[in-house]
$ cat structure-v1.pdb   # PDB, C-alpha atoms
MODEL        1
ATOM      1  CA  MET B   1      -3.906   0.581  13.039
ATOM      2  CA  MET B   2      -4.619  -1.257   9.792
ATOM      3  CA  PRO B   3      -1.537  -2.062   7.674
ATOM      4  CA  SER B   4      -1.262  -1.319   3.981
ATOM      5  CA  LEU B   5      -0.422  -4.129   1.576
ATOM      6  CA  PHE B   6       1.202  -4.699  -1.767
ATOM      7  CA  ILE B   7      -0.223  -7.883  -3.283
ATOM      8  CA  ALA B   8       0.846  -9.519  -6.518
ATOM      9  CA  HIS B   9      -2.251 -10.560  -8.450
ATOM     10  CA  GLY B  10      -0.384 -12.951 -10.770
ATOM     11  CA  ALA B  11      -2.261 -14.508 -13.674
ATOM     12  CA  PRO B  12      -6.101 -14.553 -13.790
ATOM     13  CA  LEU B  13      -6.015 -18.327 -13.244
ATOM     14  CA  LEU B  14      -5.399 -17.668  -9.549
ATOM     15  CA  ALA B  15      -9.139 -17.108  -9.311
ATOM     16  CA  ILE B  16      -9.814 -20.826  -9.868
ATOM     17  CA  GLU B  17      -6.580 -22.425  -8.664
ATOM     18  CA  ASN B  18      -5.810 -24.019  -5.323
ATOM     19  CA  ASN B  19      -2.107 -23.645  -4.595
ATOM     20  CA  GLU B  20       0.364 -22.290  -2.071
ATOM     21  CA  TYR B  21      -0.324 -18.680  -3.025
ATOM     22  CA  THR B  22      -4.109 -18.815  -3.169
ATOM     23  CA  GLN B  23      -4.131 -20.573   0.205
ATOM     24  CA  PHE B  24      -1.879 -17.870   1.638
ATOM     25  CA  LEU B  25      -4.180 -15.070   0.466
ATOM     26  CA  GLN B  26      -7.234 -16.857   1.839
ATOM     27  CA  GLN B  27      -5.511 -17.217   5.210
ATOM     28  CA  LEU B  28      -4.364 -13.598   5.099
ATOM     29  CA  GLY B  29      -7.936 -12.395   4.698
ATOM     30  CA  GLN B  30      -8.925 -14.411   7.759
ATOM     31  CA  SER B  31      -5.996 -13.259   9.893
ATOM     32  CA  LEU B  32      -6.215  -9.516   9.243
ATOM     33  CA  PRO B  33      -8.504  -7.349  11.345
ATOM     34  CA  ARG B  34     -11.759  -6.998   9.446
ATOM     35  CA  PRO B  35     -11.595  -3.693   7.547
ATOM     36  CA  LYS B  36     -14.302  -1.076   7.316
ATOM     37  CA  ALA B  37     -13.477  -0.867   3.603
ATOM     38  CA  VAL B  38     -10.704  -1.663   1.131
ATOM     39  CA  VAL B  39      -9.076   1.024  -0.999
ATOM     40  CA  LEU B  40      -7.385  -0.757  -3.900
ATOM     41  CA  PHE B  41      -4.967   0.655  -6.482
ATOM     42  CA  SER B  42      -4.974  -1.738  -9.452
ATOM     43  CA  ALA B  43      -2.278  -2.029 -12.106
ATOM     44  CA  HIS B  44      -5.076  -2.698 -14.592
ATOM     45  CA  TRP B  45      -6.684   0.702 -14.146
ATOM     46  CA  GLU B  46      -4.263   3.138 -15.735
ATOM     47  CA  SER B  47      -5.129   6.810 -15.941
ATOM     48  CA  ASN B  48      -3.190  10.047 -16.250
ATOM     49  CA  ALA B  49      -5.694  11.562 -13.822
ATOM     50  CA  GLN B  50      -6.055   9.970 -10.403
ATOM     51  CA  LYS B  51      -9.446   8.249 -10.392
ATOM     52  CA  VAL B  52     -11.519   7.625  -7.283
ATOM     53  CA  SER B  53     -14.521   5.329  -7.627
ATOM     54  CA  GLU B  54     -17.908   6.330  -6.328
ATOM     55  CA  VAL B  55     -19.880   3.223  -7.244
ATOM     56  CA  ASP B  56     -22.820   1.639  -5.436
ATOM     57  CA  GLN B  57     -22.198  -1.912  -6.694
ATOM     58  CA  TYR B  58     -19.414  -2.996  -9.022
ATOM     59  CA  ASP B  59     -19.702  -5.026 -12.181
ATOM     60  CA  THR B  60     -17.026  -7.677 -12.763
ATOM     61  CA  ILE B  61     -14.636  -6.850 -15.628
ATOM     62  CA  TYR B  62     -13.015  -9.699 -17.577
ATOM     63  CA  ASP B  63     -10.012  -7.792 -18.905
ATOM     64  CA  PHE B  64      -8.174 -10.838 -20.255
ATOM     65  CA  GLY B  65      -8.549 -13.370 -23.026
ATOM     66  CA  GLY B  66      -7.739 -16.974 -23.855
ATOM     67  CA  PHE B  67      -8.210 -18.442 -20.395
ATOM     68  CA  ASP B  68     -10.459 -21.165 -18.991
ATOM     69  CA  SER B  69     -14.134 -20.410 -19.678
ATOM     70  CA  GLU B  70     -14.888 -20.806 -15.970
ATOM     71  CA  LEU B  71     -13.138 -17.494 -15.298
ATOM     72  CA  TYR B  72     -15.743 -15.614 -17.319
ATOM     73  CA  THR B  73     -18.605 -16.862 -15.164
ATOM     74  CA  ILE B  74     -17.190 -15.532 -11.889
ATOM     75  CA  LYS B  75     -18.985 -12.590 -10.342
ATOM     76  CA  TYR B  76     -17.647 -10.451  -7.529
ATOM     77  CA  PRO B  77     -20.506  -8.070  -6.657
ATOM     78  CA  ALA B  78     -18.667  -5.841  -4.185
ATOM     79  CA  GLN B  79     -20.369  -2.758  -2.833
ATOM     80  CA  GLY B  80     -18.869   0.713  -2.787
ATOM     81  CA  GLU B  81     -18.599   2.942   0.278
ATOM     82  CA  LEU B  82     -19.600   6.549  -0.349
ATOM     83  CA  GLU B  83     -18.386   7.825   3.021
ATOM     84  CA  VAL B  84     -14.837   6.537   2.480
ATOM     85  CA  SER B  85     -14.796   7.724  -1.130
ATOM     86  CA  LYS B  86     -15.705  11.237   0.041
ATOM     87  CA  GLU B  87     -13.016  11.052   2.725
ATOM     88  CA  ILE B  88     -10.442  10.142   0.076
ATOM     89  CA  GLN B  89     -11.515  13.110  -1.998
ATOM     90  CA  GLU B  90     -11.168  15.413   1.011
ATOM     91  CA  LEU B  91      -7.675  14.075   1.727
ATOM     92  CA  PHE B  92      -6.639  14.589  -1.884
ATOM     93  CA  ASN B  93      -7.936  18.168  -1.800
ATOM     94  CA  LYS B  94      -6.098  18.800   1.459
ATOM     95  CA  ASN B  95      -2.834  17.476   0.007
ATOM     96  CA  GLY B  96      -3.125  19.190  -3.360
ATOM     97  CA  ILE B  97      -3.590  16.013  -5.383
ATOM     98  CA  PRO B  98      -5.823  16.442  -8.448
ATOM     99  CA  PHE B  99      -8.349  13.679  -9.048
ATOM    100  CA  GLU B 100     -11.491  12.723 -10.913
ATOM    101  CA  VAL B 101     -14.492  10.773  -9.620
ATOM    102  CA  ASP B 102     -15.608   7.684 -11.540
ATOM    103  CA  THR B 103     -19.186   6.465 -11.071
ATOM    104  CA  LYS B 104     -19.365   3.617 -13.610
ATOM    105  CA  ARG B 105     -16.270   1.437 -13.855
ATOM    106  CA  GLY B 106     -16.379  -2.102 -12.473
ATOM    107  CA  LEU B 107     -13.593  -4.085 -10.847
ATOM    108  CA  ASP B 108     -10.842  -5.383 -13.149
ATOM    109  CA  HIS B 109      -9.100  -8.678 -12.476
ATOM    110  CA  GLY B 110      -6.242  -6.925 -10.682
ATOM    111  CA  ALA B 111      -8.866  -6.024  -8.096
ATOM    112  CA  TRP B 112     -11.439  -8.815  -7.978
ATOM    113  CA  VAL B 113      -9.049 -11.775  -8.143
ATOM    114  CA  VAL B 114      -7.236 -10.502  -5.045
ATOM    115  CA  LEU B 115     -10.374  -9.393  -3.222
ATOM    116  CA  ARG B 116     -12.196 -12.648  -3.913
ATOM    117  CA  LEU B 117      -9.360 -14.607  -2.300
ATOM    118  CA  LEU B 118      -9.218 -12.291   0.712
ATOM    119  CA  TYR B 119     -12.969 -11.770   1.134
ATOM    120  CA  PRO B 120     -14.797 -14.455  -0.866
ATOM    121  CA  ASN B 121     -18.267 -13.309   0.168
ATOM    122  CA  ALA B 122     -17.795  -9.824  -1.344
ATOM    123  CA  ASP B 123     -18.972  -8.422   1.981
ATOM    124  CA  VAL B 124     -16.275  -5.758   2.477
ATOM    125  CA  PRO B 125     -16.926  -2.440   0.698
ATOM    126  CA  VAL B 126     -14.386  -1.382  -1.940
ATOM    127  CA  ILE B 127     -13.137   1.907  -3.325
ATOM    128  CA  ALA B 128     -11.296   1.265  -6.594
ATOM    129  CA  MET B 129      -8.373   3.539  -7.483
ATOM    130  CA  SER B 130      -6.387   4.036 -10.668
ATOM    131  CA  VAL B 131      -2.615   4.200 -11.022
ATOM    132  CA  ASN B 132      -0.540   6.493 -13.200
ATOM    133  CA  PRO B 133       2.673   4.818 -14.411
ATOM    134  CA  ASN B 134       3.783   8.119 -15.947
ATOM    135  CA  LEU B 135       4.246   9.760 -12.550
ATOM    136  CA  THR B 136       7.559   9.537 -10.745
ATOM    137  CA  PRO B 137       7.804   7.034  -7.878
ATOM    138  CA  ALA B 138       7.976   9.987  -5.471
ATOM    139  CA  GLU B 139       4.660  11.293  -6.812
ATOM    140  CA  GLN B 140       3.041   7.867  -6.556
ATOM    141  CA  TYR B 141       4.337   7.540  -3.004
ATOM    142  CA  LYS B 142       2.877  10.970  -2.161
ATOM    143  CA  ILE B 143      -0.575   9.875  -3.313
ATOM    144  CA  GLY B 144      -0.424   6.874  -1.002
ATOM    145  CA  LYS B 145       0.963   8.992   1.823
ATOM    146  CA  SER B 146      -1.981  11.379   1.577
ATOM    147  CA  LEU B 147      -4.285   8.481   2.492
ATOM    148  CA  ALA B 148      -2.332   7.249   5.522
ATOM    149  CA  ALA B 149      -4.935   8.598   7.962
ATOM    150  CA  LEU B 150      -7.498   6.131   6.608
ATOM    151  CA  ARG B 151      -5.594   3.267   8.211
ATOM    152  CA  ALA B 152      -6.489   4.592  11.667
ATOM    153  CA  ASP B 153     -10.146   4.350  10.620
ATOM    154  CA  ASP B 154      -9.877   0.596   9.867
ATOM    155  CA  VAL B 155      -9.498   1.069   6.112
ATOM    156  CA  LEU B 156      -7.209  -1.414   4.357
ATOM    157  CA  ILE B 157      -5.145   0.092   1.533
ATOM    158  CA  ILE B 158      -3.887  -2.331  -1.134
ATOM    159  CA  GLY B 159      -1.646  -1.869  -4.152
ATOM    160  CA  SER B 160      -2.258  -4.737  -6.591
ATOM    161  CA  GLY B 161       0.396  -5.522  -9.190
ATOM    162  CA  GLY B 162       3.662  -7.487  -9.234
ATOM    163  CA  THR B 163       7.309  -6.730  -8.539
ATOM    164  CA  VAL B 164       8.470  -8.929 -11.426
ATOM    165  CA  HIS B 165       5.945  -8.872 -14.261
ATOM    166  CA  ASN B 166       7.348  -9.310 -17.769
ATOM    167  CA  LEU B 167       5.011 -11.466 -19.830
ATOM    168  CA  ARG B 168       7.541 -11.560 -22.659
ATOM    169  CA  ALA B 169      10.015 -13.343 -20.374
ATOM    170  CA  VAL B 170       7.815 -15.880 -18.585
ATOM    171  CA  SER B 171       8.202 -19.626 -19.176
ATOM    172  CA  TRP B 172       4.657 -20.884 -19.613
ATOM    173  CA  GLY B 173       5.888 -24.475 -19.383
ATOM    174  CA  ASP B 174       6.410 -24.027 -15.652
ATOM    175  CA  ASP B 175       8.897 -26.553 -14.205
ATOM    176  CA  GLY B 176       9.105 -24.942 -10.775
ATOM    177  CA  SER B 177      12.493 -23.310 -11.326
ATOM    178  CA  VAL B 178      13.012 -19.586 -10.714
ATOM    179  CA  HIS B 179      15.135 -17.423 -12.968
ATOM    180  CA  GLN B 180      18.163 -15.958 -11.209
ATOM    181  CA  TRP B 181      17.659 -12.470 -12.628
ATOM    182  CA  ALA B 182      14.200 -12.273 -11.034
ATOM    183  CA  LEU B 183      15.537 -13.351  -7.657
ATOM    184  CA  GLU B 184      18.326 -10.774  -7.812
ATOM    185  CA  PHE B 185      15.875  -7.983  -8.591
ATOM    186  CA  ASP B 186      13.436  -9.000  -5.857
ATOM    187  CA  ASP B 187      16.258  -9.365  -3.329
ATOM    188  CA  TRP B 188      17.451  -5.826  -4.098
ATOM    189  CA  ILE B 189      13.914  -4.474  -3.730
ATOM    190  CA  ALA B 190      13.471  -6.376  -0.469
ATOM    191  CA  HIS B 191      16.653  -4.970   1.043
ATOM    192  CA  HIS B 192      15.685  -1.380   0.301
ATOM    193  CA  LEU B 193      12.086  -1.873   1.412
ATOM    194  CA  HIS B 194      13.210  -3.325   4.737
ATOM    195  CA  THR B 195      15.419  -0.278   5.316
ATOM    196  CA  TRP B 196      12.755   2.103   3.930
ATOM    197  CA  ASP B 197      15.370   3.484   1.533
ATOM    198  CA  THR B 198      13.118   5.542  -0.690
ATOM    199  CA  ASP B 199      16.083   7.392  -2.233
ATOM    200  CA  SER B 200      17.246   4.129  -3.813
ATOM    201  CA  LEU B 201      13.796   2.698  -4.452
ATOM    202  CA  PHE B 202      12.724   5.780  -6.376
ATOM    203  CA  LYS B 203      15.675   5.108  -8.695
ATOM    204  CA  TYR B 204      15.065   1.351  -8.966
ATOM    205  CA  ASP B 205      15.038   1.517 -12.771
ATOM    206  CA  THR B 206      18.705   2.535 -12.854
ATOM    207  CA  LEU B 207      19.990   1.012  -9.587
ATOM    208  CA  ALA B 208      18.300  -2.375  -9.223
ATOM    209  CA  PRO B 209      19.934  -5.357 -10.949
ATOM    210  CA  ASN B 210      17.976  -6.627 -13.965
ATOM    211  CA  ALA B 211      15.386  -3.864 -13.643
ATOM    212  CA  GLU B 212      15.002  -3.729 -17.417
ATOM    213  CA  PHE B 213      13.766  -7.360 -17.385
ATOM    214  CA  ALA B 214      11.751  -7.279 -14.156
ATOM    215  CA  VAL B 215      10.011  -3.974 -14.875
ATOM    216  CA  PRO B 216      10.115  -3.407 -18.634
ATOM    217  CA  LYS B 217       9.347   0.030 -19.989
ATOM    218  CA  PHE B 218       6.148  -1.343 -21.512
ATOM    219  CA  GLY B 219       4.990  -2.840 -18.217
ATOM    220  CA  ASN B 220       5.867  -0.657 -15.235
ATOM    221  CA  GLU B 221       2.188  -0.289 -14.323
ATOM    222  CA  HIS B 222       2.431  -3.543 -12.353
ATOM    223  CA  PHE B 223       5.363  -2.359 -10.265
ATOM    224  CA  VAL B 224       4.160   1.114  -9.315
ATOM    225  CA  PRO B 225       1.275   0.047  -7.002
ATOM    226  CA  LEU B 226       4.105  -0.797  -4.591
ATOM    227  CA  PHE B 227       4.765   2.914  -4.097
ATOM    228  CA  TYR B 228       1.111   3.759  -3.441
ATOM    229  CA  ALA B 229       0.922   1.035  -0.776
ATOM    230  CA  MET B 230       4.277   1.958   0.754
ATOM    231  CA  GLY B 231       3.397   5.648   0.909
ATOM    232  CA  ALA B 232       0.209   4.833   2.796
ATOM    233  CA  ALA B 233       2.399   3.669   5.713
ATOM    234  CA  ASP B 234       4.795   6.608   5.707
ATOM    235  CA  ASP B 235       3.686   7.413   9.266
ATOM    236  CA  ASN B 236       4.967   4.012  10.479
ATOM    237  CA  ARG B 237       7.881   3.007   8.288
ATOM    238  CA  LYS B 238       8.004  -0.744   8.692
ATOM    239  CA  ALA B 239       8.076  -3.252   5.841
ATOM    240  CA  ALA B 240       7.664  -7.021   6.074
ATOM    241  CA  LEU B 241       7.773  -9.552   3.250
ATOM    242  CA  ILE B 242       5.036 -11.944   4.298
ATOM    243  CA  HIS B 243       5.000 -14.119   1.178
ATOM    244  CA  ARG B 244       7.129 -14.688  -1.901
ATOM    245  CA  SER B 245       6.826 -17.388  -4.527
ATOM    246  CA  TYR B 246       7.022 -17.554  -8.312
ATOM    247  CA  ARG B 247       5.180 -19.025 -11.276
ATOM    248  CA  TYR B 248       6.311 -19.518 -14.856
ATOM    249  CA  GLY B 249       9.979 -18.949 -14.039
ATOM    250  CA  ASN B 250       9.799 -15.328 -12.937
ATOM    251  CA  LEU B 251       6.238 -14.077 -12.376
ATOM    252  CA  SER B 252       6.476 -13.015  -8.749
ATOM    253  CA  HIS B 253       3.850 -13.581  -6.087
ATOM    254  CA  SER B 254       5.162 -11.131  -3.501
ATOM    255  CA  VAL B 255       3.087  -9.766  -0.650
ATOM    256  CA  TRP B 256       4.460  -6.878   1.383
ATOM    257  CA  GLN B 257       2.917  -5.546   4.567
ATOM    258  CA  PHE B 258       3.639  -1.932   5.520
ATOM    259  CA  GLY B 259       3.069  -0.162   8.819
TER     260      GLY B 259
ENDMDL
END

$ encode --input "structure-v1.pdb" --output "structure tokens"
Amino acid sequence: MMPSLFIAHGAPLLAIENNEYTQFLQQLGQSLPRPKAVVLFSAHWESNAQKVSEVDQYDTIYDFGGFDSELYTIKYPAQGELEVSKEIQELFNKNGIPFEVDTKRGLDHGAWVVLRLLYPNADVPVIAMSVNPNLTPAEQYKIGKSLAALRADDVLIIGSGGTVHNLRAVSWGDDGSVHQWALEFDDWIAHHLHTWDTDSLFKYDTLAPNAEFAVPKFGNEHFVPLFYAMGAADDNRKAALIHRSYRYGNLSHSVWQFG
């Protein structure tokens, strides 16, 4: 049974950096069973309607500005997988989840930065998925849960975002220190993930310490992929924190494995 993953995609610079986190993701891609396909919910594809990609080959989207020019030359020419896309659509229909098919959109950096570290040869098919930060956590979890059966068919489900992602609070002059408020928030999230306490997690915005800083109202799209990934392992409720580090004071690089 393939696990599902929540992976923090950090800053776009991860695509050209060699550090503890990039090395971890490279090793993770080598240690996981090779998937038939990857279904990836990206924080950088927001939509009020659930989107399911049906793309033959993806373009690479550079949805960022002001970074090293090398980033804009990177290509990640992943292929789609029509069979898995159709299976997703069938599962959504079966579970009463409305959706729309997208046949044009490429992969944003929330997708290709992570995928390029896991599978640098772009040789694993991808089905890109949108997220809707306006849904409740329970609704986001339900969408992930509806796809749980894919894991038995060697499909890897990934939510790409970040548990602590507040660009207005980061310290760009990174001295290696970690802000206490970010640690307290992540520790609270970790406790309730380990115990699969969805009642508390679904109310993280009012219960978790420092939630207003870690997941600001203007930036919850990076947090919610956690619920899609968690829901995809509802049939085997196990959570493991397999990596956690920080950049710029509080930008979290957390990787959770579910199932």

$ resolve_selection --input "structure-v1.pdb" --expression "the PyMOL selection byres ((chain B and resi 152-166) around 7)" --output "PyMOL selection string"
chain B and resi 1-10+35-43+110-111+149-151+167-170+182+213-216+219+222-223+225-226+228-229+250-254

$ resolve_selection --input "structure-v1.pdb" --expression "the PyMOL selection byres ((chain B and resi 234) around 10)" --output "compact mmCIF listing (two decimals) with C-alpha atoms, in the frame of the given file"
# COMPACT_ATOMS: atom_id res chain seq x y z
CA TYR B 141 4.34 7.54 -3.00
CA LYS B 142 2.88 10.97 -2.16
CA GLY B 144 -0.42 6.87 -1.00
CA LYS B 145 0.96 8.99 1.82
CA SER B 146 -1.98 11.38 1.58
CA LEU B 147 -4.28 8.48 2.49
CA ALA B 148 -2.33 7.25 5.52
CA TRP B 196 12.76 2.10 3.93
CA ALA B 229 0.92 1.03 -0.78
CA MET B 230 4.28 1.96 0.75
CA GLY B 231 3.40 5.65 0.91
CA ALA B 232 0.21 4.83 2.80
CA ALA B 233 2.40 3.67 5.71
CA ASP B 235 3.69 7.41 9.27
CA ASN B 236 4.97 4.01 10.48
CA ARG B 237 7.88 3.01 8.29
CA LYS B 238 8.00 -0.74 8.69
CA PHE B 258 3.64 -1.93 5.52
CA GLY B 259 3.07 -0.16 8.82

$ residues_around --input "structure-v1.pdb" --residues "Asp174 in chain B" --least-positions-apart "5" --cutoff "8 Å" --atoms "only C-alpha atoms" --output "ChimeraX atom specification"
/B:247-249

$ axis_aligned_box --input "structure-v1.pdb" --around "range 25-40 of chain B" --padding-each-side "5 Å" --output "JSON"
{"center_x": -9.2, "center_y": -8.1, "center_z": 3.7, "size_x": 20.1, "size_y": 28.2, "size_z": 25.2}

$ closest_residue --input "structure-v1.pdb" --among "B:Asp108, B:Ser31, B:Glu212, B:Tyr76" --to "Glu46 in chain B" --atoms "only C-alpha atoms"
B:Asp108

$ resolve_selection --input "structure-v1.pdb" --expression "the PyMOL selection byres ((chain B and resi 193) around 10)" --output "list of chain:residue names"
B:Asp187, B:Trp188, B:Ile189, B:Ala190, B:His191, B:His192, B:His194, B:Thr195, B:Trp196, B:Asp197, B:Thr198, B:Ser200, B:Leu201, B:Met230, B:Arg237, B:Lys238, B:Ala239, B:Ala240, B:Leu241, B:Trp256, B:Phe258

$ atom_distance --input "structure-v1.pdb" --atom1 "CA of Gln26 in chain B" --atom2 "CA of Arg116 in chain B"
8.7 Å

$ residues_around --input "structure-v1.pdb" --residues "Ile74 in chain B" --least-positions-apart "3" --cutoff "8 Å" --atoms "only C-alpha atoms" --output "PDB file with C-alpha atoms, in the coordinates of the input"
ATOM      1  CA  THR B  60     -17.026  -7.677 -12.763  1.00  0.00           C
ATOM      2  CA  GLU B  70     -14.888 -20.806 -15.970  1.00  0.00           C
ATOM      3  CA  LEU B  71     -13.138 -17.494 -15.298  1.00  0.00           C
TER       4      LEU B  71
END

$ decode --input "structure-v1.pdb" --residues "range 52-68 of chain B" --atoms "N, CA, C and O atoms" --output "CSV table (one decimal), in the first residue's frame"
chain,number,residue,atom,x,y,z
B,52,VAL,N,-9.2,18.6,-11.9
B,52,VAL,CA,-8.4,17.4,-12.1
B,52,VAL,C,-7.8,17.5,-13.5
B,52,VAL,O,-8.4,17.8,-14.5
B,53,SER,N,-6.5,17.4,-13.5
B,53,SER,CA,-5.8,17.6,-14.8
B,53,SER,C,-5.9,16.4,-15.7
B,53,SER,O,-5.9,15.2,-15.2
B,54,GLU,N,-6.0,16.6,-17.0
B,54,GLU,CA,-6.1,15.6,-18.0
B,54,GLU,C,-5.1,16.1,-19.1
B,54,GLU,O,-5.6,16.5,-20.2
B,55,VAL,N,-3.8,16.0,-18.8
B,55,VAL,CA,-2.8,16.7,-19.7
B,55,VAL,C,-1.9,15.6,-20.2
B,55,VAL,O,-1.5,14.7,-19.4
B,56,ASP,N,-1.5,15.6,-21.5
B,56,ASP,CA,-0.6,14.7,-22.0
B,56,ASP,C,0.8,14.9,-21.5
B,56,ASP,O,1.5,14.0,-21.0
B,57,GLN,N,1.3,16.2,-21.7
B,57,GLN,CA,2.6,16.6,-21.2
B,57,GLN,C,2.5,18.0,-20.7
B,57,GLN,O,2.0,18.9,-21.3
B,58,TYR,N,3.1,18.2,-19.5
B,58,TYR,CA,2.9,19.5,-18.8
B,58,TYR,C,4.0,20.5,-19.2
B,58,TYR,O,5.2,20.1,-19.3
B,59,ASP,N,3.6,21.7,-19.3
B,59,ASP,CA,4.6,22.8,-19.4
B,59,ASP,C,5.0,23.1,-18.0
B,59,ASP,O,4.4,22.7,-17.0
B,60,THR,N,6.1,23.8,-17.9
B,60,THR,CA,6.7,24.2,-16.6
B,60,THR,C,6.3,25.7,-16.3
B,60,THR,O,6.6,26.6,-17.1
B,61,ILE,N,5.5,26.0,-15.2
B,61,ILE,CA,5.1,27.3,-14.9
B,61,ILE,C,6.1,27.9,-13.9
B,61,ILE,O,6.4,27.3,-12.9
B,62,TYR,N,6.5,29.2,-14.2
B,62,TYR,CA,7.4,29.9,-13.3
B,62,TYR,C,6.5,31.0,-12.6
B,62,TYR,O,6.5,32.2,-12.9
B,63,ASP,N,5.8,30.5,-11.6
B,63,ASP,CA,4.8,31.4,-10.9
B,63,ASP,C,5.5,32.1,-9.7
B,63,ASP,O,5.1,32.0,-8.5
B,64,PHE,N,6.6,32.8,-10.0
B,64,PHE,CA,7.4,33.5,-8.9
B,64,PHE,C,8.2,34.6,-9.6
B,64,PHE,O,8.4,34.5,-10.9
B,65,GLY,N,8.7,35.5,-8.9
B,65,GLY,CA,9.5,36.6,-9.5
B,65,GLY,C,10.6,37.0,-8.6
B,65,GLY,O,10.6,36.8,-7.3
B,66,GLY,N,11.7,37.5,-9.2
B,66,GLY,CA,12.8,38.1,-8.4
B,66,GLY,C,13.8,37.1,-7.9
B,66,GLY,O,14.7,37.4,-7.1
B,67,PHE,N,13.8,35.9,-8.5
B,67,PHE,CA,14.8,34.9,-8.0
B,67,PHE,C,15.9,34.7,-9.0
B,67,PHE,O,15.9,35.3,-10.1
B,68,ASP,N,16.9,33.8,-8.7
B,68,ASP,CA,18.0,33.6,-9.6
B,68,ASP,C,17.5,33.2,-11.0
B,68,ASP,O,16.6,32.4,-11.1
